file data_2.pdb (PDB, C-alpha atoms)
ATOM      1  CA  MET O 160      -6.006   8.493 -33.174
ATOM      2  CA  GLU O 161      -3.422  11.210 -33.661
ATOM      3  CA  TRP O 162      -3.053  14.005 -31.124
ATOM      4  CA  GLU O 163      -3.459  16.628 -33.839
ATOM      5  CA  GLU O 164      -6.839  15.339 -34.984
ATOM      6  CA  GLN O 165      -9.519  18.017 -34.748
ATOM      7  CA  LYS O 166     -12.662  17.288 -32.761
ATOM      8  CA  GLU O 167     -15.942  19.098 -32.637
ATOM      9  CA  ILE O 168     -16.122  21.256 -29.511
ATOM     10  CA  LYS O 169     -19.314  20.580 -27.587
ATOM     11  CA  GLU O 170     -20.908  22.538 -24.763
ATOM     12  CA  GLU O 171     -21.327  19.752 -22.230
ATOM     13  CA  LYS O 172     -21.352  19.616 -18.456
ATOM     14  CA  ILE O 173     -17.875  19.042 -17.018
ATOM     15  CA  TYR O 174     -17.811  16.609 -14.092
ATOM     16  CA  ASN O 175     -14.049  16.602 -13.533
ATOM     17  CA  LEU O 176     -13.237  19.594 -11.320
ATOM     18  CA  PHE O 177      -9.683  19.569 -12.701
ATOM     19  CA  ARG O 178     -11.154  20.668 -16.052
ATOM     20  CA  CYS O 179     -13.382  23.366 -14.538
ATOM     21  CA  GLY O 180     -12.881  27.071 -14.099
ATOM     22  CA  TYR O 181     -13.768  28.531 -10.713
ATOM     23  CA  LEU O 182     -17.098  29.813 -12.010
ATOM     24  CA  ASP O 183     -17.924  26.214 -12.993
ATOM     25  CA  VAL O 184     -16.935  25.079  -9.489
ATOM     26  CA  ARG O 185     -19.328  27.661  -8.037
ATOM     27  CA  GLU O 186     -22.103  26.342 -10.254
ATOM     28  CA  TRP O 187     -21.426  22.839  -8.932
ATOM     29  CA  LEU O 188     -21.649  24.088  -5.352
ATOM     30  CA  GLU O 189     -25.087  25.504  -6.086
ATOM     31  CA  GLU O 190     -26.165  21.959  -7.012
ATOM     32  CA  THR O 191     -24.368  19.793  -4.478
ATOM     33  CA  ASP O 192     -21.864  19.703  -1.639
ATOM     34  CA  ILE O 193     -20.602  16.221  -2.595
ATOM     35  CA  VAL O 194     -17.347  15.477  -4.393
ATOM     36  CA  ILE O 195     -15.722  12.156  -5.297
ATOM     37  CA  ILE O 196     -11.939  11.770  -4.950
ATOM     38  CA  PRO O 197     -10.626   8.664  -6.790
ATOM     39  CA  LEU O 198      -7.626   7.028  -5.079
ATOM     40  CA  GLY O 199      -5.526   4.763  -7.268
ATOM     41  CA  SER O 200      -2.074   3.249  -7.085
ATOM     42  CA  THR O 201       0.948   2.724  -9.301
ATOM     43  CA  GLU O 202       2.209  -0.793  -8.640
ATOM     44  CA  GLN O 203       3.148  -4.079 -10.241
ATOM     45  CA  HIS O 204       0.202  -6.258 -11.198
ATOM     46  CA  GLY O 205       1.813  -9.461 -12.309
ATOM     47  CA  ARG O 206       3.372 -10.187 -15.652
ATOM     48  CA  HIS O 207       0.231  -9.403 -17.626
ATOM     49  CA  CYS O 208      -1.482  -6.267 -16.225
ATOM     50  CA  PRO O 209      -0.236  -2.643 -16.231
ATOM     51  CA  VAL O 210       0.885  -0.704 -13.149
ATOM     52  CA  CYS O 211      -2.197   1.519 -13.516
ATOM     53  CA  THR O 212      -4.570  -1.400 -12.819
ATOM     54  CA  ASP O 213      -5.883  -0.155  -9.453
ATOM     55  CA  SER O 214      -6.203   3.377 -10.790
ATOM     56  CA  LEU O 215      -8.412   2.215 -13.666
ATOM     57  CA  ALA O 216     -10.474   0.187 -11.197
ATOM     58  CA  THR O 217     -11.650   3.363  -9.474
ATOM     59  CA  GLU O 218     -11.232   6.121 -12.075
ATOM     60  CA  LEU O 219     -13.695   4.612 -14.549
ATOM     61  CA  PRO O 220     -16.563   3.835 -12.121
ATOM     62  CA  CYS O 221     -16.088   7.196 -10.407
ATOM     63  CA  GLN O 222     -16.492   9.002 -13.734
ATOM     64  CA  ILE O 223     -19.618   7.026 -14.584
ATOM     65  CA  ALA O 224     -21.128   7.251 -11.084
ATOM     66  CA  ALA O 225     -20.547  11.019 -11.032
ATOM     67  CA  GLU O 226     -22.725  11.453 -14.105
ATOM     68  CA  MET O 227     -25.347   9.002 -12.820
ATOM     69  CA  ALA O 228     -25.641  10.835  -9.502
ATOM     70  CA  ASN O 229     -24.918  14.313 -10.926
ATOM     71  CA  VAL O 230     -21.974  15.158  -8.672
ATOM     72  CA  PRO O 231     -18.426  16.251  -9.543
ATOM     73  CA  TYR O 232     -15.209  14.324  -9.033
ATOM     74  CA  SER O 233     -11.634  15.437  -8.575
ATOM     75  CA  GLN O 234      -8.686  14.276 -10.625
ATOM     76  CA  LEU O 235      -7.460  10.754  -9.846
ATOM     77  CA  ILE O 236      -4.622  10.519  -7.313
ATOM     78  CA  PRO O 237      -2.548   7.857  -9.121
ATOM     79  CA  VAL O 238      -0.041   7.116  -6.341
ATOM     80  CA  GLY O 239      -1.113   5.323  -3.170
ATOM     81  CA  TYR O 240       0.296   3.231  -0.348
ATOM     82  CA  SER O 241       2.098   0.258  -1.914
ATOM     83  CA  PRO O 242       5.426  -0.431  -0.147
ATOM     84  CA  GLN O 243       4.813  -4.185  -0.326
ATOM     85  CA  HIS O 244       5.037  -4.038  -4.132
ATOM     86  CA  LEU O 245       8.422  -2.306  -4.504
ATOM     87  CA  HIS O 246      10.581  -5.447  -4.990
ATOM     88  CA  PRO O 247      14.331  -5.360  -4.251
ATOM     89  CA  PRO O 248      16.341  -2.293  -5.399
ATOM     90  CA  GLY O 249      17.317  -2.248  -9.049
ATOM     91  CA  ILE O 250      14.682  -4.813 -10.082
ATOM     92  CA  GLY O 251      12.072  -2.771 -11.923
ATOM     93  CA  SER O 252       8.621  -3.401 -10.521
ATOM     94  CA  GLY O 253       7.157  -0.127 -11.812
ATOM     95  CA  THR O 254       5.818   0.575  -8.335
ATOM     96  CA  ILE O 255       5.700   4.137  -7.016
ATOM     97  CA  THR O 256       4.494   4.582  -3.445
ATOM     98  CA  PHE O 257       3.954   7.218  -0.820
ATOM     99  CA  SER O 258       4.999   6.522   2.746
ATOM    100  CA  ALA O 259       2.001   6.218   5.063
ATOM    101  CA  SER O 260       2.664   9.631   6.624
ATOM    102  CA  THR O 261       3.091  11.365   3.254
ATOM    103  CA  TYR O 262      -0.066   9.751   1.922
ATOM    104  CA  GLN O 263      -2.043  10.813   4.980
ATOM    105  CA  ASN O 264      -0.793  14.378   4.585
ATOM    106  CA  VAL O 265      -1.675  14.419   0.877
ATOM    107  CA  LEU O 266      -5.218  13.196   1.530
ATOM    108  CA  TYR O 267      -5.645  15.572   4.455
ATOM    109  CA  ASP O 268      -4.497  18.593   2.428
ATOM    110  CA  ILE O 269      -6.661  17.702  -0.571
ATOM    111  CA  GLY O 270      -9.648  17.102   1.672
ATOM    112  CA  LYS O 271      -9.113  20.318   3.640
ATOM    113  CA  SER O 272      -8.884  22.286   0.386
ATOM    114  CA  LEU O 273     -12.110  20.803  -0.966
ATOM    115  CA  ILE O 274     -13.912  21.513   2.312
ATOM    116  CA  HIS O 275     -12.535  25.072   2.221
ATOM    117  CA  ASN O 276     -14.055  25.414  -1.256
ATOM    118  CA  GLY O 277     -17.472  24.412   0.072
ATOM    119  CA  PHE O 278     -17.689  20.671  -0.467
ATOM    120  CA  ASN O 279     -19.001  19.292   2.826
ATOM    121  CA  LYS O 280     -19.210  15.616   1.843
ATOM    122  CA  LEU O 281     -16.045  13.928   0.600
ATOM    123  CA  ILE O 282     -16.208  10.473  -0.938
ATOM    124  CA  PHE O 283     -12.673   9.171  -1.301
ATOM    125  CA  ALA O 284     -12.949   6.078  -3.522
ATOM    126  CA  THR O 285     -10.076   3.607  -3.557
ATOM    127  CA  GLY O 286      -9.180   1.113  -6.252
ATOM    128  CA  HIS O 287      -6.301  -0.279  -4.167
ATOM    129  CA  THR O 288      -7.173  -2.261  -1.034
ATOM    130  CA  SER O 289      -3.964  -1.451   0.842
ATOM    131  CA  ASN O 290      -4.738   2.263   0.679
ATOM    132  CA  MET O 291      -7.259   1.454   3.411
ATOM    133  CA  LYS O 292      -4.362   0.702   5.778
ATOM    134  CA  ALA O 293      -3.171   4.303   5.611
ATOM    135  CA  VAL O 294      -6.220   6.511   5.029
ATOM    136  CA  ASP O 295      -7.981   6.308   8.398
ATOM    137  CA  PRO O 296      -5.905   8.924  10.300
ATOM    138  CA  ALA O 297      -6.398  11.502   7.535
ATOM    139  CA  LEU O 298     -10.132  10.841   7.258
ATOM    140  CA  ARG O 299     -10.620  11.030  11.015
ATOM    141  CA  ALA O 300      -8.652  14.277  11.270
ATOM    142  CA  LEU O 301     -10.799  15.854   8.566
ATOM    143  CA  ARG O 302     -14.020  14.741  10.212
ATOM    144  CA  TYR O 303     -13.028  15.704  13.743
ATOM    145  CA  GLU O 304     -11.658  19.105  12.726
ATOM    146  CA  THR O 305     -14.396  20.160  10.297
ATOM    147  CA  GLY O 306     -17.551  18.133  10.926
ATOM    148  CA  ALA O 307     -17.684  17.209   7.228
ATOM    149  CA  PHE O 308     -18.927  13.819   6.044
ATOM    150  CA  ILE O 309     -15.885  11.758   5.108
ATOM    151  CA  CYS O 310     -15.678   8.201   3.817
ATOM    152  CA  CYS O 311     -13.516   5.858   1.789
ATOM    153  CA  TYR O 312     -15.658   3.993  -0.719
ATOM    154  CA  ARG O 313     -14.432   0.634  -2.011
ATOM    155  CA  ASN O 314     -13.849   0.189  -5.731
ATOM    156  CA  ASP O 315     -10.993  -2.248  -5.137
ATOM    157  CA  ALA O 316     -11.070  -5.703  -6.704
ATOM    158  CA  GLU O 317     -11.146  -7.513  -3.367
ATOM    159  CA  ALA O 318     -14.530  -5.923  -2.661
ATOM    160  CA  VAL O 319     -15.993  -6.877  -6.052
ATOM    161  CA  PRO O 320     -17.015 -10.520  -5.358
ATOM    162  CA  HIS O 321     -19.055  -9.302  -2.380
ATOM    163  CA  LEU O 322     -20.461  -6.239  -4.165
ATOM    164  CA  LEU O 323     -21.446  -8.356  -7.168
ATOM    165  CA  SER O 324     -22.587 -11.445  -5.233
ATOM    166  CA  ASP O 325     -26.107 -11.079  -6.647
ATOM    167  CA  THR O 326     -24.802 -11.314 -10.242
ATOM    168  CA  ASP O 327     -23.231 -14.100 -12.283
ATOM    169  CA  LEU O 328     -20.344 -11.959 -13.539
ATOM    170  CA  ILE O 329     -17.638 -13.686 -11.481
ATOM    171  CA  GLU O 330     -16.843 -17.135 -12.881
ATOM    172  CA  ASN O 331     -13.775 -18.121 -10.868
ATOM    173  CA  PRO O 332     -14.674 -20.059  -7.689
ATOM    174  CA  PRO O 333     -14.033 -18.391  -4.305
ATOM    175  CA  GLU O 334     -10.940 -20.496  -3.603
ATOM    176  CA  GLU O 335      -9.276 -18.986  -6.674
ATOM    177  CA  ALA O 336      -9.648 -15.520  -5.090
ATOM    178  CA  PRO O 337     -11.092 -13.904  -8.257
ATOM    179  CA  GLY O 338     -10.990 -10.413  -6.751
ATOM    180  CA  TRP O 339      -7.353 -10.517  -5.728
ATOM    181  CA  HIS O 340      -4.271  -9.175  -7.416
ATOM    182  CA  ALA O 341      -4.263  -9.348 -11.241
ATOM    183  CA  SER O 342      -6.821 -12.155 -11.322
ATOM    184  CA  GLU O 343     -10.216 -12.342 -13.061
ATOM    185  CA  VAL O 344     -11.694  -9.021 -11.920
ATOM    186  CA  GLU O 345      -8.700  -6.756 -12.457
ATOM    187  CA  ALA O 346      -7.662  -8.394 -15.721
ATOM    188  CA  SER O 347     -11.201  -7.897 -17.052
ATOM    189  CA  GLU O 348     -11.237  -4.227 -16.072
ATOM    190  CA  CYS O 349      -7.878  -3.697 -17.779
ATOM    191  CA  LEU O 350      -9.084  -5.452 -20.933
ATOM    192  CA  TYR O 351     -12.074  -3.116 -21.039
ATOM    193  CA  PHE O 352      -9.811  -0.079 -20.674
ATOM    194  CA  GLU O 353      -7.547  -1.522 -23.380
ATOM    195  CA  GLN O 354     -10.584  -1.580 -25.662
ATOM    196  CA  LEU O 355     -11.383   2.063 -24.814
ATOM    197  CA  TYR O 356      -7.737   3.144 -25.097
ATOM    198  CA  GLY O 357      -7.135   1.372 -28.384
ATOM    199  CA  LYS O 358      -3.654   0.184 -27.419
ATOM    200  CA  LYS O 359      -2.483  -3.112 -25.958
ATOM    201  CA  ILE O 360      -1.726  -2.953 -22.219
ATOM    202  CA  VAL O 361      -2.729  -6.494 -21.154
ATOM    203  CA  HIS O 362      -0.471  -9.434 -22.039
ATOM    204  CA  MET O 363      -2.085 -12.738 -21.076
ATOM    205  CA  GLU O 364       0.612 -14.580 -23.023
ATOM    206  CA  ARG O 365       3.127 -13.539 -20.357
ATOM    207  CA  THR O 366       1.400 -15.264 -17.453
ATOM    208  CA  ASP O 367       0.019 -18.553 -16.260
ATOM    209  CA  LYS O 368      -2.087 -19.603 -13.306
ATOM    210  CA  ASP O 369      -0.030 -19.219 -10.149
ATOM    211  CA  TYR O 370      -0.403 -20.304  -6.533
ATOM    212  CA  THR O 371       0.077 -18.116  -3.504
ATOM    213  CA  HIS O 372       2.289 -19.663  -0.828
ATOM    214  CA  PRO O 373       3.518 -18.898   2.698
ATOM    215  CA  PRO O 374       6.779 -16.927   2.876
ATOM    216  CA  LYS O 375       9.823 -19.193   2.759
ATOM    217  CA  TRP O 376      11.029 -17.940   6.131
ATOM    218  CA  ILE O 377       7.967 -19.480   7.788
ATOM    219  CA  SER O 378       7.377 -22.516   5.548
ATOM    220  CA  ASP O 379      10.981 -23.646   6.152
ATOM    221  CA  VAL O 380      10.326 -23.985   9.882
ATOM    222  CA  SER O 381       6.620 -24.885  10.083
ATOM    223  CA  ASP O 382       4.032 -26.714   7.980
ATOM    224  CA  LYS O 383       1.053 -25.219   9.836
ATOM    225  CA  PHE O 384       0.786 -22.079   7.705
ATOM    226  CA  THR O 385      -1.034 -21.548   4.414
ATOM    227  CA  LYS O 386      -1.583 -18.548   2.118
ATOM    228  CA  ALA O 387      -4.553 -18.378  -0.245
ATOM    229  CA  ASN O 388      -4.750 -14.638  -0.890
ATOM    230  CA  GLY O 389      -2.861 -11.394  -0.452
ATOM    231  CA  SER O 390      -4.114 -10.350   2.959
ATOM    232  CA  PRO O 391      -1.516  -9.319   5.563
ATOM    233  CA  PHE O 392      -2.578 -12.193   7.812
ATOM    234  CA  LEU O 393      -0.661 -15.390   8.404
ATOM    235  CA  THR O 394      -3.083 -18.303   8.315
ATOM    236  CA  MET O 395      -2.337 -21.091  10.808
ATOM    237  CA  ASN O 396      -4.424 -24.263  10.831
ATOM    238  CA  GLY O 397      -6.873 -22.540   8.477
ATOM    239  CA  LYS O 398      -7.381 -19.470  10.695
ATOM    240  CA  ASP O 399      -6.083 -15.921  10.249
ATOM    241  CA  VAL O 400      -4.061 -15.497  13.433
ATOM    242  CA  ALA O 401      -1.549 -12.679  12.981
ATOM    243  CA  TRP O 402      -1.159  -9.486  10.942
ATOM    244  CA  VAL O 403       2.390  -9.593   9.587
ATOM    245  CA  PRO O 404       3.936  -6.917   7.334
ATOM    246  CA  MET O 405       4.973  -8.993   4.316
ATOM    247  CA  ASP O 406       6.206  -8.023   0.876
ATOM    248  CA  HIS O 407       4.202  -9.242  -2.091
ATOM    249  CA  GLN O 408       7.043 -11.209  -3.641
ATOM    250  CA  GLU O 409       7.427 -13.235  -0.421
ATOM    251  CA  TYR O 410       4.169 -15.082  -1.071
ATOM    252  CA  SER O 411       3.623 -14.598  -4.821
ATOM    253  CA  ASP O 412       6.290 -15.525  -7.374
ATOM    254  CA  THR O 413       4.700 -13.638 -10.285
ATOM    255  CA  GLY O 414       2.521 -10.957  -8.671
ATOM    256  CA  LEU O 415      -0.656 -12.964  -9.350
ATOM    257  CA  ILE O 416      -2.714 -13.849  -6.267
ATOM    258  CA  GLY O 417      -4.989 -16.840  -5.780
ATOM    259  CA  ASN O 418      -5.261 -20.528  -5.146
ATOM    260  CA  PRO O 419      -4.479 -20.474  -7.997
ATOM    261  CA  GLY O 420      -4.713 -16.932  -9.316
ATOM    262  CA  ASN O 421      -6.520 -17.287 -12.635
ATOM    263  CA  PRO O 422      -6.936 -14.331 -15.030
ATOM    264  CA  PHE O 423      -7.920 -16.467 -18.010
ATOM    265  CA  ARG O 424     -11.670 -16.038 -17.625
ATOM    266  CA  ALA O 425     -11.206 -12.284 -17.985
ATOM    267  CA  THR O 426     -12.832 -10.506 -20.937
ATOM    268  CA  ALA O 427     -13.313  -6.892 -21.951
ATOM    269  CA  GLU O 428     -17.090  -7.354 -21.932
ATOM    270  CA  LYS O 429     -16.948  -8.680 -18.385
ATOM    271  CA  GLY O 430     -14.734  -5.758 -17.406
ATOM    272  CA  LYS O 431     -17.284  -3.305 -18.797
ATOM    273  CA  LYS O 432     -20.103  -4.972 -16.867
ATOM    274  CA  ILE O 433     -18.067  -4.937 -13.643
ATOM    275  CA  ILE O 434     -17.156  -1.258 -14.066
ATOM    276  CA  TYR O 435     -20.743  -0.207 -14.756
ATOM    277  CA  LYS O 436     -22.154  -2.333 -11.943
ATOM    278  CA  LYS O 437     -19.682  -0.768  -9.518
ATOM    279  CA  ALA O 438     -20.739   2.647 -10.807
ATOM    280  CA  GLU O 439     -24.432   1.856 -10.300
ATOM    281  CA  ILE O 440     -23.852   0.764  -6.704
ATOM    282  CA  MET O 441     -21.702   3.831  -6.076
ATOM    283  CA  ALA O 442     -24.339   6.147  -7.546
ATOM    284  CA  GLU O 443     -26.963   4.583  -5.278
ATOM    285  CA  PHE O 444     -24.653   5.190  -2.303
ATOM    286  CA  ILE O 445     -24.188   8.831  -3.336
ATOM    287  CA  GLU O 446     -27.949   9.350  -3.527
ATOM    288  CA  GLU O 447     -28.209   8.229   0.099
ATOM    289  CA  VAL O 448     -25.291  10.450   1.132
ATOM    290  CA  LYS O 449     -27.187  13.410  -0.344
ATOM    291  CA  LYS O 450     -29.758  12.954   2.438
ATOM    292  CA  ILE O 451     -27.172  13.367   5.208
ATOM    293  CA  LYS O 452     -27.178  16.750   6.916
ATOM    294  CA  VAL O 453     -23.772  18.088   7.916
ATOM    295  CA  GLU O 454     -22.655  21.373   9.412
ATOM    296  CA  VAL O 455     -19.054  22.245   8.739
ATOM    297  CA  ILE O 456     -17.268  23.974  11.597
TER     298      ILE O 456
END

call {"tool": "encode", "arguments": {"input": "data_2.pdb", "output": "structure tokens"}}
result
Amino acid sequence: MEWEEQKEIKEEKIYNLFRCGYLDVREWLEETDIVIIPLGSTEQHGRHCPVCTDSLATELPCQIAAEMANVPYSQLIPVGYSPQHLHPPGIGSGTITFSASTYQNVLYDIGKSLIHNGFNKLIFATGHTSNMKAVDPALRALRYETGAFICCYRNDAEAVPHLLSDTDLIENPPEEAPGWHASEVEASECLYFEQLYGKKIVHMERTDKDYTHPPKWISDVSDKFTKANGSPFLTMNGKDVAWVPMDHQEYSDTGLIGNPGNPFRATAEKGKKIIYKKAEIMAEFIEEVKKIKVEVI
């Protein structure tokens, strides 16, 4: 589709506040005090998925859930907390990251502005698990200072196997960590977006199944450690014993996570079902949040 192509202009409700005028924002505030803020990331996702993977994982369900629950959402924040994905200098990983302090300030300022506008219930919704490591101070500051309802909702792939445990959508067995980096869940979501976008962004021909492994600096001196996923824990004798700040490339040679990581059961149809199921669960959550009474200071 060419940019210049003319489209029929329709008078439809606008859910994205970024596309609204202030009179539209005031109309929204007459209906609800809830707003969704999608939190993405820009980071390497293996040889086969685009750097926008985590952003798609939350942007799409947030858009759908907003319409289901009849609440607005703000524009996606496409940069998150991803220092572990930078790779060495000069080796292009595509990763762009905030420092933890910058990210906290960004979220705090966005949240404070939305509360100032009149939105008393903020649902930050992350598509990147590691954002959770940095968001808590900002969310607590907003809650303690204003009395607003604040949360960080999980749209990240690592939450999907649990969220969708009552479905048969996930085919990879648990030991293959289907919800981890660039594996079945994320590859499916990207394939669905590829279908919507109409341009190729997923390249399965570039990857293979790949095993996660302990960092060389520990495996060279001890055989007691294993690594089956991308958590920040070192696993000793089968137990998570220590939170260690590790870079992604220390335990994954290709950016794919699992035991092995396996994206080859991914399909666009599966991605669509995952996205819509996440949206349904999120919409149900929003309906319950509507019942909460808050008094902003």

call {"tool": "atom_distance", "arguments": {"input": "data_2.pdb", "atom1": "atom CA of O:Asn175", "atom2": "atom CA of O:Ser233"}}
result
5.6 Å

call {"tool": "closest_residue", "arguments": {"input": "data_2.pdb", "among": "O:Ile196, O:Tyr174, O:Pro332, O:Ser342", "to": "O:Met227", "atoms": "only C-alpha atoms"}}
result
O:Tyr174

call {"tool": "residues_around", "arguments": {"input": "data_2.pdb", "residues": "stretch 381-390 of chain O", "least_positions_apart": "5", "cutoff": "12 Å", "atoms": "only C-alpha atoms", "output": "ChimeraX atom specification"}}
result
/O:243-244,288-289,292,316-317,333-342,369-376,395-411,414-420

call {"tool": "residues_near_point", "arguments": {"input": "data_2.pdb", "point": "(-14.3, 12.5, 0.8)", "cutoff": "6 Å", "atoms": "all atoms listed in the file", "output": "PyMOL selection string"}}
result
chain O and resi 280-283+309-310

call {"tool": "write_last_selection", "arguments": {"input": "data_2.pdb", "atoms": "C-alpha atoms", "output": "PDB file, in the frame of the given file"}}
result
ATOM      1  CA  LYS O 280     -19.210  15.616   1.843  1.00  0.00           C
ATOM      2  CA  LEU O 281     -16.045  13.928   0.600  1.00  0.00           C
ATOM      3  CA  ILE O 282     -16.208  10.473  -0.938  1.00  0.00           C
ATOM      4  CA  PHE O 283     -12.673   9.171  -1.301  1.00  0.00           C
ATOM      5  CA  ILE O 309     -15.885  11.758   5.108  1.00  0.00           C
ATOM      6  CA  CYS O 310     -15.678   8.201   3.817  1.00  0.00           C
TER       7      CYS O 310
END

call {"tool": "atom_distance", "arguments": {"input": "data_2.pdb", "atom1": "atom CA of O:Leu198", "atom2": "atom CA of O:Val448"}}
result
19.0 Å

call {"tool": "residues_around", "arguments": {"input": "data_2.pdb", "residues": "O:Thr305", "least_positions_apart": "3", "cutoff": "8 Å", "atoms": "only C-alpha atoms", "output": "ChimeraX atom specification"}}
result
/O:301-302,455-456

call {"tool": "resolve_selection", "arguments": {"input": "data_2.pdb", "expression": "the PyMOL selection byres ((chain O and resi 291) around 10)", "output": "ChimeraX atom specification"}}
result
/O:239-240,285-290,292-295,311-313

call {"tool": "resolve_selection", "arguments": {"input": "data_2.pdb", "expression": "the PyMOL selection byres ((chain O and resi 451) around 12)", "output": "NGL selection string"}}
result
:O and (191-193 or 279-280 or 307-309 or 444-450 or 452-454)

call {"tool": "closest_residue", "arguments": {"input": "data_2.pdb", "among": "O:Ile377, O:Thr394, O:Lys437, O:Ile329", "to": "O:Arg424", "atoms": "only C-alpha atoms"}}
result
O:Ile329

call {"tool": "resolve_selection", "arguments": {"input": "data_2.pdb", "expression": "the PyMOL selection byres ((chain O and resi 360) around 9)", "output": "tab-separated table (two decimals) with C-alpha atoms, in the coordinates of the input"}}
result
chain	number	residue	atom	x	y	z
O	207	HIS	CA	0.23	-9.40	-17.63
O	208	CYS	CA	-1.48	-6.27	-16.23
O	209	PRO	CA	-0.24	-2.64	-16.23
O	349	CYS	CA	-7.88	-3.70	-17.78
O	350	LEU	CA	-9.08	-5.45	-20.93
O	352	PHE	CA	-9.81	-0.08	-20.67
O	353	GLU	CA	-7.55	-1.52	-23.38
O	358	LYS	CA	-3.65	0.18	-27.42
O	359	LYS	CA	-2.48	-3.11	-25.96
O	361	VAL	CA	-2.73	-6.49	-21.15
O	362	HIS	CA	-0.47	-9.43	-22.04

call {"tool": "atom_distance", "arguments": {"input": "data_2.pdb", "atom1": "atom CA of O:Phe392", "atom2": "atom CA of O:Asn421"}}
result
21.4 Å

call {"tool": "build_atoms", "arguments": {"input": "data_2.pdb", "residues": "stretch 277-288 of chain O", "atoms": "N, CA and C atoms", "output": "compact mmCIF listing (two decimals), keeping the file's coordinate frame"}}
result
# COMPACT_ATOMS: atom_id res chain seq x y z
N GLY O 277 -16.03 24.51 -0.17
CA GLY O 277 -17.47 24.41 0.07
C GLY O 277 -18.05 23.02 -0.07
N PHE O 278 -17.21 22.05 -0.37
CA PHE O 278 -17.69 20.67 -0.47
C PHE O 278 -17.68 20.06 0.93
N ASN O 279 -18.85 19.75 1.45
CA ASN O 279 -19.00 19.29 2.83
C ASN O 279 -19.07 17.77 2.95
N LYS O 280 -19.13 17.07 1.83
CA LYS O 280 -19.21 15.62 1.84
C LYS O 280 -18.18 15.06 0.87
N LEU O 281 -17.16 14.43 1.40
CA LEU O 281 -16.05 13.93 0.60
C LEU O 281 -16.12 12.41 0.51
N ILE O 282 -16.20 11.91 -0.71
CA ILE O 282 -16.21 10.47 -0.94
C ILE O 282 -14.89 10.09 -1.59
N PHE O 283 -13.90 9.76 -0.77
CA PHE O 283 -12.67 9.17 -1.30
C PHE O 283 -13.04 7.77 -1.79
N ALA O 284 -12.56 7.37 -2.95
CA ALA O 284 -12.95 6.08 -3.52
C ALA O 284 -11.69 5.35 -3.98
N THR O 285 -11.34 4.29 -3.27
CA THR O 285 -10.08 3.61 -3.56
C THR O 285 -10.22 2.41 -4.49
N GLY O 286 -9.26 2.29 -5.40
CA GLY O 286 -9.18 1.11 -6.25
C GLY O 286 -8.12 0.15 -5.78
N HIS O 287 -7.41 0.52 -4.70
CA HIS O 287 -6.30 -0.28 -4.17
C HIS O 287 -6.61 -0.59 -2.70
N THR O 288 -6.74 -1.87 -2.37
CA THR O 288 -7.17 -2.26 -1.03
C THR O 288 -6.22 -1.76 0.04
